[in-house]
>>> print(open('run39.cif').read())   # mmCIF, C-alpha atoms
data_work
loop_
_atom_site.group_PDB
_atom_site.id
_atom_site.type_symbol
_atom_site.label_atom_id
_atom_site.label_comp_id
_atom_site.auth_asym_id
_atom_site.auth_seq_id
_atom_site.Cartn_x
_atom_site.Cartn_y
_atom_site.Cartn_z
ATOM 1 C CA MET A 1 -6.405 2.066 29.900
ATOM 2 C CA SER A 2 -8.372 5.173 29.083
ATOM 3 C CA GLY A 3 -6.581 8.048 27.414
ATOM 4 C CA VAL A 4 -3.898 5.856 25.827
ATOM 5 C CA ARG A 5 -4.006 5.465 22.059
ATOM 6 C CA LYS A 6 -2.175 2.431 20.746
ATOM 7 C CA GLY A 7 -2.362 2.969 16.968
ATOM 8 C CA LEU A 8 -0.945 0.645 14.321
ATOM 9 C CA ALA A 9 2.333 -1.188 14.906
ATOM 10 C CA LYS A 10 3.219 -3.619 12.092
ATOM 11 C CA VAL A 11 1.286 -3.746 8.830
ATOM 12 C CA GLU A 12 1.487 -5.923 5.751
ATOM 13 C CA PHE A 13 0.782 -4.701 2.219
ATOM 14 C CA ALA A 14 0.098 -7.573 -0.199
ATOM 15 C CA LEU A 15 -0.307 -7.310 -3.980
ATOM 16 C CA ARG A 16 -1.644 -9.809 -6.513
ATOM 17 C CA TRP A 17 -2.130 -9.986 -10.274
ATOM 18 C CA ASP A 18 -2.518 -12.576 -13.002
ATOM 19 C CA PRO A 19 0.308 -13.541 -15.360
ATOM 20 C CA SER A 20 0.206 -12.104 -18.872
ATOM 21 C CA PRO A 21 -1.162 -14.271 -21.697
ATOM 22 C CA THR A 22 1.329 -16.624 -23.344
ATOM 23 C CA GLY A 23 3.525 -14.880 -25.900
ATOM 24 C CA THR A 24 3.055 -11.382 -24.460
ATOM 25 C CA PRO A 25 5.409 -9.355 -22.206
ATOM 26 C CA ALA A 26 5.258 -10.328 -18.535
ATOM 27 C CA ASN A 27 3.100 -8.362 -16.125
ATOM 28 C CA ASP A 28 5.492 -7.029 -13.491
ATOM 29 C CA LEU A 29 4.042 -4.941 -10.678
ATOM 30 C CA ASP A 30 6.083 -3.609 -7.771
ATOM 31 C CA ILE A 31 5.219 -2.257 -4.337
ATOM 32 C CA VAL A 32 6.882 1.067 -3.463
ATOM 33 C CA ALA A 33 6.949 2.672 -0.005
ATOM 34 C CA ALA A 34 8.044 6.260 0.645
ATOM 35 C CA VAL A 35 8.816 7.525 4.156
ATOM 36 C CA PHE A 36 8.524 11.274 4.798
ATOM 37 C CA GLY A 37 10.056 13.319 7.589
ATOM 38 C CA ALA A 38 7.908 15.434 9.877
ATOM 39 C CA ALA A 39 9.452 18.616 8.430
ATOM 40 C CA ASP A 40 8.560 17.734 4.808
ATOM 41 C CA LEU A 41 5.451 15.531 4.815
ATOM 42 C CA HIS A 42 4.707 15.961 1.086
ATOM 43 C CA GLY A 43 8.110 16.623 -0.447
ATOM 44 C CA THR A 44 11.154 14.427 -0.915
ATOM 45 C CA PRO A 45 11.036 11.027 0.813
ATOM 46 C CA VAL A 46 13.725 10.332 3.414
ATOM 47 C CA GLN A 47 13.498 6.660 2.447
ATOM 48 C CA LEU A 48 12.248 4.975 -0.716
ATOM 49 C CA VAL A 49 11.817 1.214 -0.555
ATOM 50 C CA HIS A 50 11.094 -1.011 -3.565
ATOM 51 C CA PHE A 51 12.520 -3.998 -5.420
ATOM 52 C CA GLY A 52 16.299 -3.605 -5.431
ATOM 53 C CA SER A 53 16.229 -1.061 -2.583
ATOM 54 C CA ARG A 54 15.771 -1.681 1.095
ATOM 55 C CA SER A 55 15.062 0.278 4.227
ATOM 56 C CA PRO A 56 18.424 1.093 5.867
ATOM 57 C CA ASP A 57 16.974 0.620 9.357
ATOM 58 C CA GLY A 58 15.114 -2.609 8.493
ATOM 59 C CA THR A 59 11.664 -1.191 9.287
ATOM 60 C CA ILE A 60 10.319 -1.842 5.768
ATOM 61 C CA THR A 61 10.922 -5.231 4.180
ATOM 62 C CA LEU A 62 9.905 -6.635 0.807
ATOM 63 C CA ASN A 63 9.213 -10.247 1.791
ATOM 64 C CA ARG A 64 8.137 -11.562 -1.577
ATOM 65 C CA ASP A 65 8.821 -10.245 -5.085
ATOM 66 C CA SER A 66 7.389 -11.523 -8.364
ATOM 67 C CA HIS A 67 8.227 -10.459 -11.905
ATOM 68 C CA THR A 68 5.371 -12.352 -13.553
ATOM 69 C CA GLY A 69 2.387 -12.711 -11.211
ATOM 70 C CA GLN A 70 2.716 -16.494 -11.312
ATOM 71 C CA GLY A 71 1.767 -18.329 -8.168
ATOM 72 C CA PHE A 72 -1.188 -18.568 -5.870
ATOM 73 C CA GLY A 73 -2.521 -15.786 -3.711
ATOM 74 C CA PHE A 74 -0.505 -12.629 -3.274
ATOM 75 C CA ASP A 75 2.579 -12.232 -5.463
ATOM 76 C CA GLU A 76 4.367 -9.473 -3.542
ATOM 77 C CA VAL A 77 4.280 -8.725 0.178
ATOM 78 C CA MET A 78 5.828 -5.788 2.050
ATOM 79 C CA THR A 79 5.997 -5.502 5.837
ATOM 80 C CA ILE A 80 6.103 -2.046 7.422
ATOM 81 C CA GLU A 81 7.040 -1.857 11.104
ATOM 82 C CA LEU A 82 5.513 1.515 11.908
ATOM 83 C CA ASP A 83 6.310 1.224 15.609
ATOM 84 C CA ARG A 84 10.055 1.046 14.780
ATOM 85 C CA ILE A 85 10.232 3.920 12.274
ATOM 86 C CA ALA A 86 12.404 6.794 13.533
ATOM 87 C CA SER A 87 10.529 9.453 15.482
ATOM 88 C CA GLY A 88 11.529 12.116 12.921
ATOM 89 C CA SER A 89 9.417 10.404 10.270
ATOM 90 C CA SER A 90 5.674 10.996 10.359
ATOM 91 C CA ARG A 91 4.217 9.697 7.099
ATOM 92 C CA VAL A 92 4.500 6.573 4.939
ATOM 93 C CA VAL A 93 2.874 6.345 1.503
ATOM 94 C CA VAL A 94 2.576 2.967 -0.240
ATOM 95 C CA GLY A 95 1.971 2.588 -3.951
ATOM 96 C CA VAL A 96 2.178 0.180 -6.871
ATOM 97 C CA VAL A 97 4.089 0.617 -10.130
ATOM 98 C CA ILE A 98 3.700 -1.332 -13.378
ATOM 99 C CA GLN A 99 7.250 -2.083 -14.511
ATOM 100 C CA ASN A 100 8.024 -2.246 -18.221
ATOM 101 C CA ALA A 101 4.739 -0.496 -18.940
ATOM 102 C CA GLU A 102 5.944 0.133 -22.509
ATOM 103 C CA GLY A 103 4.982 -3.474 -23.285
ATOM 104 C CA GLY A 104 1.339 -2.432 -23.496
ATOM 105 C CA VAL A 105 -1.316 -2.882 -26.118
ATOM 106 C CA GLU A 106 -1.175 -1.155 -29.531
ATOM 107 C CA GLY A 107 2.054 0.705 -28.765
ATOM 108 C CA ARG A 108 0.769 2.438 -25.630
ATOM 109 C CA ALA A 109 1.928 1.947 -22.056
ATOM 110 C CA LYS A 110 0.534 -1.001 -20.121
ATOM 111 C CA THR A 111 -2.088 0.147 -17.604
ATOM 112 C CA PHE A 112 -4.053 -1.481 -14.783
ATOM 113 C CA ALA A 113 -6.880 -2.117 -17.289
ATOM 114 C CA ASP A 114 -4.480 -4.361 -19.243
ATOM 115 C CA ILE A 115 -3.649 -6.585 -16.260
ATOM 116 C CA ASP A 116 -6.191 -9.099 -15.012
ATOM 117 C CA GLY A 117 -6.670 -10.087 -11.401
ATOM 118 C CA THR A 118 -5.054 -7.075 -9.740
ATOM 119 C CA GLY A 119 -5.731 -6.611 -6.080
ATOM 120 C CA PHE A 120 -4.268 -5.542 -2.766
ATOM 121 C CA ARG A 121 -4.770 -6.264 0.908
ATOM 122 C CA ILE A 122 -3.586 -4.209 3.860
ATOM 123 C CA ARG A 123 -3.638 -5.842 7.260
ATOM 124 C CA GLU A 124 -2.294 -5.658 10.770
ATOM 125 C CA GLY A 125 -1.905 -9.083 12.302
ATOM 126 C CA HIS A 126 -5.086 -10.970 11.398
ATOM 127 C CA THR A 127 -7.158 -7.819 10.910
ATOM 128 C CA ASP A 128 -7.774 -6.596 7.367
ATOM 129 C CA LEU A 129 -7.630 -2.806 7.200
ATOM 130 C CA ALA A 130 -8.485 -2.604 3.490
ATOM 131 C CA GLU A 131 -8.822 -4.773 0.422
ATOM 132 C CA GLY A 132 -9.453 -3.748 -3.152
ATOM 133 C CA ASP A 133 -8.330 -3.584 -6.754
ATOM 134 C CA PHE A 134 -7.304 -0.968 -9.304
ATOM 135 C CA ALA A 135 -10.595 -0.738 -11.227
ATOM 136 C CA VAL A 136 -11.017 2.952 -10.303
ATOM 137 C CA VAL A 137 -7.653 3.843 -11.938
ATOM 138 C CA PRO A 138 -7.799 1.797 -15.174
ATOM 139 C CA SER A 139 -5.681 4.160 -17.297
ATOM 140 C CA ALA A 140 -2.920 4.525 -14.687
ATOM 141 C CA THR A 141 0.565 2.995 -14.883
ATOM 142 C CA ALA A 142 1.097 3.492 -11.131
ATOM 143 C CA ALA A 143 -1.048 4.324 -8.119
ATOM 144 C CA THR A 144 -0.738 5.376 -4.518
ATOM 145 C CA VAL A 145 -2.834 3.095 -2.331
ATOM 146 C CA ALA A 146 -2.248 3.724 1.364
ATOM 147 C CA GLU A 147 -1.112 6.473 3.683
ATOM 148 C CA PHE A 148 0.039 5.935 7.255
ATOM 149 C CA THR A 149 0.460 9.000 9.472
ATOM 150 C CA ARG A 150 1.845 9.480 12.963
ATOM 151 C CA ASP A 151 0.004 11.882 15.261
ATOM 152 C CA ALA A 152 1.448 14.031 18.046
ATOM 153 C CA SER A 153 1.107 11.185 20.570
ATOM 154 C CA GLY A 154 3.203 8.890 18.334
ATOM 155 C CA ALA A 155 0.277 6.656 17.295
ATOM 156 C CA TRP A 156 0.045 5.612 13.634
ATOM 157 C CA SER A 157 -3.225 5.633 11.671
ATOM 158 C CA PHE A 158 -4.203 4.460 8.184
ATOM 159 C CA ASP A 159 -6.113 5.998 5.280
ATOM 160 C CA LEU A 160 -6.911 4.404 1.945
ATOM 161 C CA ARG A 161 -5.656 6.806 -0.766
ATOM 162 C CA LEU A 162 -6.150 5.197 -4.182
ATOM 163 C CA HIS A 163 -4.918 7.727 -6.773
ATOM 164 C CA GLY A 164 -3.721 6.863 -10.272
ATOM 165 C CA PHE A 165 -0.609 8.165 -11.983
ATOM 166 C CA GLU A 166 0.202 8.060 -15.684
ATOM 167 C CA GLY A 167 3.889 8.320 -16.452
ATOM 168 C CA ASP A 168 7.398 7.220 -15.683
ATOM 169 C CA PRO A 169 7.919 4.997 -12.596
ATOM 170 C CA GLU A 170 10.922 7.091 -11.491
ATOM 171 C CA VAL A 171 8.837 10.276 -11.496
ATOM 172 C CA PHE A 172 6.046 8.486 -9.615
ATOM 173 C CA ALA A 173 8.481 7.343 -6.911
ATOM 174 C CA ARG A 174 9.715 10.917 -6.403
ATOM 175 C CA THR A 175 6.248 12.519 -6.388
ATOM 176 C CA MET A 176 3.951 9.889 -4.859
ATOM 177 C CA GLY A 177 3.743 11.792 -1.592
ATOM 178 C CA ALA A 178 2.655 15.105 -3.115
ATOM 179 C CA LEU A 179 -0.564 16.759 -1.986
ATOM 180 C CA ARG A 180 -3.620 15.732 -4.022
#
>>> encode(input="run39.cif", output="structure tokens")
Amino acid sequence: MSGVRKGLAKVEFALRWDPSPTGTPANDLDIVAAVFGAADLHGTPVQLVHFGSRSPDGTITLNRDSHTGQGFGFDEVMTIELDRIASGSSRVVVGVVIQNAEGGVEGRAKTFADIDGTGFRIREGHTDLAEGDFAVVPSATAATVAEFTRDASGAWSFDLRLHGFEGDPEVFARTMGALR
């Protein structure tokens, strides 16, 4: 079928990390997804999905949530059904936030450098689109990881966008889609 571009349909974002050492505050990382309308691709998200918040239309689902990183494999998994997202939305940014970052070392906020075994995987079906860790943003308390964009034909594409953020998780959630 020449001339027809399929694009991405349903992707999975998976996150892993190791539990904190015994006697120290738990490592709690969360996946955050922000959906942006075509009229404001870098401004205020039309949807913000994370632990305790869900996508009103059911297109973004947090399938697994961990507060400690205990378990085998990936500790949190989010499914994003790009092919079902409303036509007025043209961009989805996915990031990771360290919750309770104030439980860091020597009175400073906990950063990715303080958490062992961090990693992510982005896949569609059985095809891995990207896999990595947070070694390039060691001083960050949050990071954007992936950007999905819809083109004029309606097809979705993916770009790896690993950018660190140092600050409050609430501010990160509101600004994670800003131009960089």
>>> closest_atom_pairs(input="run39.cif", of="stretch 78-171 of chain A", to="stretch 9-12 of chain A", cutoff="6 Å", atoms="only C-alpha atoms", output="JSON lines")
{"residue": "A:Met78", "atom": "CA", "partner": "A:Glu12", "partner_atom": "CA", "distance": 5.7}
{"residue": "A:Thr79", "atom": "CA", "partner": "A:Glu12", "partner_atom": "CA", "distance": 4.5}
{"residue": "A:Ile80", "atom": "CA", "partner": "A:Val11", "partner_atom": "CA", "distance": 5.3}
{"residue": "A:Glu81", "atom": "CA", "partner": "A:Lys10", "partner_atom": "CA", "distance": 4.3}
{"residue": "A:Leu82", "atom": "CA", "partner": "A:Ala9", "partner_atom": "CA", "distance": 5.1}
{"residue": "A:Asp83", "atom": "CA", "partner": "A:Ala9", "partner_atom": "CA", "distance": 4.7}
{"residue": "A:Ile122", "atom": "CA", "partner": "A:Glu12", "partner_atom": "CA", "distance": 5.7}
{"residue": "A:Arg123", "atom": "CA", "partner": "A:Glu12", "partner_atom": "CA", "distance": 5.3}
{"residue": "A:Glu124", "atom": "CA", "partner": "A:Val11", "partner_atom": "CA", "distance": 4.5}
>>> closest_residue(input="run39.cif", among="A:Val92, A:Ile60, A:Leu160, A:Ala33", to="A:Phe172", atoms="only C-alpha atoms")
A:Ala33
>>> atom_distance(input="run39.cif", atom1="atom CA of A:Leu62", atom2="atom CA of A:His163")
22.0 Å
>>> closest_residue(input="run39.cif", among="A:Ile85, A:Leu15, A:Gly43, A:Arg91", to="A:Asp151", atoms="only C-alpha atoms")
A:Arg91
>>> residues_near_point(input="run39.cif", point="(6.2, 9.2, -7.2)", cutoff="12 Å", atoms="only C-alpha atoms", output="PyMOL selection string")
chain A and resi 31-35+42-45+48-50+93-97+141-145+163-179
>>> atom_distance(input="run39.cif", atom1="atom CA of A:Leu29", atom2="atom CA of A:Val46")
22.9 Å
>>> closest_residue(input="run39.cif", among="A:Phe112, A:Val77, A:Ala140, A:Thr118", to="A:Phe13", atoms="all atoms listed in the file")
A:Val77
>>> atom_distance(input="run39.cif", atom1="atom CA of A:Phe148", atom2="atom CA of A:Ser90")
8.2 Å
>>> axis_aligned_box(input="run39.cif", around="stretch 129-145 of chain A", padding_each_side="6 Å", output="lines of an AutoDock Vina configuration file")
center_x = -5.0
center_y = 0.3
center_z = -5.0
size_x = 24.1
size_y = 22.1
size_z = 36.5
>>> residues_around(input="run39.cif", residues="A:Trp156", least_positions_apart="4", cutoff="6 Å", atoms="all atoms listed in the file", output="CSV table (one decimal) with C-alpha atoms, in the coordinates of the input")
chain,number,residue,atom,x,y,z
A,7,GLY,CA,-2.4,3.0,17.0
A,8,LEU,CA,-0.9,0.6,14.3
A,149,THR,CA,0.5,9.0,9.5
A,150,ARG,CA,1.8,9.5,13.0
>>> resolve_selection(input="run39.cif", expression="the PyMOL selection byres ((chain A and resi 138) around 8)", output="NGL selection string")
:A and (111-113 or 134-137 or 139-140)
>>> closest_residue(input="run39.cif", among="A:Asp116, A:Asp75, A:Arg161, A:Ser87", to="A:Ala14", atoms="only C-alpha atoms")
A:Asp75
